[in-house]
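These notes concern the structure reproduced below.
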Amino acid sequence: EEYLEKVCSVTVLGESDVMQEFLADSSESTNGLSDVDLRIALPDRNIITVTVKKNSTADEVYRAVQEHLRMDSITASFFTLFEVVDHFFERKLVPNEFPHKLYVQNYTSAAAGTCLVIRKWLFTMAQEELLNDNDLAVTYFFHQAVEDVKKGRIRVGDKSYQLQKLSEQHKKVMYLNMIRTCEGYNQIVFPHCRCDSRRKGHVMAAISIQHFKLHACTEDGQLENQVIMFEWAEMHQWDTDEEGMAFCFEYIRGEKKPRWVKIFTPYFNYMHECFERVLCELRWRKEMEEAGHNEDNGNSSSGMNIFHAAARRGNRGLLS
């Protein structure tokens, strides 16, 4: 496998028809029960190798990562497996996807030697703060935030110098407390694409716990001045259009009639997952607040336990 990776790192060889045919044949010619080694990049830029079956699903591979790192179930519920699509975007794998297939397909393009990475799967900052005593979670939050600042995903403004000093001193909790006040933290921005609400140009969709945002841009991704922001309470329905490769949502604003919007993106399933996750986290947060109220009234309950239990139940459900 190391030999193949070195050969495929030469683009003209790795992308040749002969090599692609060979990789496809070697992947499909077995029954999927043979063992394979997958390299997985961690938020702190370390790379681990896990041995799994060739036909292991994303859920199974992530469990292997969890065992390798001896990661407890609470920490594991707030991270998951992603595919590096390019330098500025990662896509969350769906549970029944086959990571080895992606791994083989991306021999030539994976800059870090792998296209598979562990990233945070959490939008609620209040929940992060409950994990301040969890060394592994804090370490991963910290390193992902530092990397996101370098890539321009988080805009730090006049906090740049202070954050740099905290980073150099590895004061992780202090760094995170400050970075969480910056624009773009815990926000996922999708590559620009067409949207039926714009006659000309594209949009960049951005999802955070605060809102869903459509930022107008040109067809080559240059941002324009127009930004439409939706509150989550305005969302009425959402779905995917598999045939049209689009994510669709219906919103209700004030006294106006409901309106459907369609976003044409190859990442429509991931966008749908983000919607589901955010709305579930809002519901979980409501449960935490109610639990806190019960504690004030003498009833014993843990916000951490409620949030964790909800995460383990899965991401389905609407904000009640």
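Residues are referred to by chain and number: the chain letter is A, B, ... according to the order shown in the structure tokens, the number counts from 1 in that chain, and ligands are numbered separately from 1 in the order shown.
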
(request) Write out as a list in words which residues come within 10 Å of Ala58 in chain A when counting only C-alpha atoms, dropping same-chain ones fewer than 3 positions away. (result) Asn55, Val61, Tyr62, Arg63, Ala64, Thr80, Leu81, Phe82, Lys92, Leu93, Val94, Pro95, Asn96, Glu97, Phe98, Pro99 and His100 of chain A

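The set of residues in range 44-78 of chain A assigned to alpha helix (DSSP H) by DSSP, using only backbone atoms of this structure, is Ala58, Asp59, Glu60, Val61, Tyr62, Arg63, Ala64, Val65, Gln66, Glu67, His68, Leu69, Ser73, Ile74, Thr75 and Ala76 of chain A.
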
So which residues touch Ser34 in chain A within 9 Å, counting only C-alpha atoms, skipping near sequence neighbours fewer than 5 positions away, as a PDB file with C-alpha atoms, in the first residue's frame?
```
ATOM      1  CA  VAL A  52     -10.574  -2.549   9.270  1.00  0.00           C
ATOM      2  CA  LYS A  53     -12.390  -4.722   6.754  1.00  0.00           C
ATOM      3  CA  LYS A  54     -12.375  -3.407   3.208  1.00  0.00           C
ATOM      4  CA  ASN A  55     -16.166  -3.123   3.236  1.00  0.00           C
TER       5      ASN A  55
END
```

(request) Rank nothing, just name the residue among A:His192, A:Arg199, A:Arg45, A:His236 nearest to Thr139 in chain A, using only C-alpha atoms. (result) A:Arg45

Extract, using only C-alpha atoms, all DNA, RNA and protein residues at most 9 Å from range 167-175 of chain A, discarding same-chain residues fewer than 6 positions from it, and format them as a tab-separated table (two decimals) with all heavy atoms, in the first residue's frame.
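Saved file part09.tsv follows:
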```tsv
chain	number	residue	atom	x	y	z
A	129	GLU	N	-18.32	24.26	26.09
A	129	GLU	CA	-17.84	24.78	27.37
A	129	GLU	C	-18.02	23.77	28.49
A	129	GLU	O	-17.24	23.75	29.45
A	129	GLU	CB	-18.56	26.09	27.69
A	129	GLU	CG	-18.19	27.22	26.72
A	129	GLU	CD	-19.08	28.45	26.86
A	129	GLU	OE1	-19.97	28.42	27.73
A	129	GLU	OE2	-18.87	29.41	26.11
A	132	ASN	N	-14.86	21.54	29.03
A	132	ASN	CA	-13.58	22.19	29.33
A	132	ASN	C	-12.65	21.32	30.18
A	132	ASN	O	-11.43	21.54	30.18
A	132	ASN	CB	-13.80	23.54	30.04
A	132	ASN	CG	-14.07	24.65	29.05
A	132	ASN	OD1	-13.89	24.49	27.84
A	132	ASN	ND2	-14.50	25.80	29.55
A	138	VAL	N	-10.89	19.20	24.37
A	138	VAL	CA	-10.34	20.56	24.33
A	138	VAL	C	-9.17	20.63	23.35
A	138	VAL	O	-9.05	21.59	22.58
A	138	VAL	CB	-9.89	21.01	25.74
A	138	VAL	CG1	-9.04	22.27	25.67
A	138	VAL	CG2	-11.11	21.25	26.62
A	139	THR	N	-8.32	19.62	23.35
A	139	THR	CA	-7.17	19.59	22.43
A	139	THR	C	-7.64	19.60	20.99
A	139	THR	O	-7.12	20.35	20.15
A	139	THR	CB	-6.31	18.35	22.69
A	139	THR	OG1	-5.74	18.44	24.00
A	139	THR	CG2	-5.18	18.24	21.67
A	141	PHE	N	-10.69	20.56	19.84
A	141	PHE	CA	-11.36	21.83	19.56
A	141	PHE	C	-10.33	22.92	19.26
A	141	PHE	O	-10.48	23.70	18.32
A	141	PHE	CB	-12.21	22.28	20.77
A	141	PHE	CG	-13.41	21.42	21.05
A	141	PHE	CD1	-13.98	21.41	22.33
A	141	PHE	CD2	-14.00	20.64	20.07
A	141	PHE	CE1	-15.09	20.64	22.60
A	141	PHE	CE2	-15.11	19.86	20.34
A	141	PHE	CZ	-15.65	19.86	21.61
A	142	PHE	N	-9.28	22.96	20.08
A	142	PHE	CA	-8.23	23.97	19.96
A	142	PHE	C	-7.53	23.88	18.61
A	142	PHE	O	-7.41	24.87	17.88
A	142	PHE	CB	-7.24	23.80	21.11
A	142	PHE	CG	-5.96	24.59	20.95
A	142	PHE	CD1	-5.94	25.96	21.16
A	142	PHE	CD2	-4.78	23.95	20.60
A	142	PHE	CE1	-4.75	26.68	21.02
A	142	PHE	CE2	-3.60	24.66	20.45
A	142	PHE	CZ	-3.58	26.02	20.66
A	143	HIS	N	-7.06	22.69	18.25
A	143	HIS	CA	-6.30	22.55	17.01
A	143	HIS	C	-7.16	22.79	15.78
A	143	HIS	O	-6.70	23.38	14.79
A	143	HIS	CB	-5.65	21.17	16.95
A	143	HIS	CG	-4.44	21.05	17.83
A	143	HIS	ND1	-3.22	21.62	17.50
A	143	HIS	CD2	-4.25	20.43	19.03
A	143	HIS	CE1	-2.34	21.36	18.44
A	143	HIS	NE2	-2.94	20.64	19.39
A	146	VAL	N	-7.52	26.60	15.49
A	146	VAL	CA	-6.29	27.22	14.98
A	146	VAL	C	-6.19	27.03	13.47
A	146	VAL	O	-5.86	27.96	12.72
A	146	VAL	CB	-5.05	26.61	15.69
A	146	VAL	CG1	-3.76	27.05	14.99
A	146	VAL	CG2	-5.02	27.03	17.15
```

(message) Going by DSSP on the backbone, which residues of range 48-264 of chain A come out as strand (DSSP E or B)? List them as JSON, numbers by chain.
(response) {"A": [48, 49, 50, 51, 52, 53, 79, 80, 81, 82, 83, 84, 85, 86, 89, 90, 91, 92, 116, 117, 118, 119, 120, 155, 183, 188, 189, 193, 194, 195, 202, 203, 204, 205, 206, 207, 212, 213, 214, 215, 216, 217, 223, 224, 225, 226, 227, 228, 229, 230, 235, 236, 237, 238, 239, 240, 241, 246, 247, 248, 249, 250, 251, 259, 260, 261, 262, 263, 264]}

(message) Would you compute the distance between CA of Phe247 in chain A and CA of Val261 in chain A? Give it in Å to one decimal.
(response)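 Rounded to one decimal, the two atoms are 8.4 Å apart.
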
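Closest approach to Lys286 in chain A among A:Thr124, A:Pro43, A:Asp135, A:Glu250 is made by A:Thr124 (distances from only C-alpha atoms).
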
(request) Would you list the contacts of Asp37 in chain A as JSON, numbers by chain, taking every protein, DNA or RNA residue within 7 Å and counting only C-alpha atoms, but skipping same-chain residues closer than 3 positions in sequence? (result) {"A": [49, 50, 51, 52]}
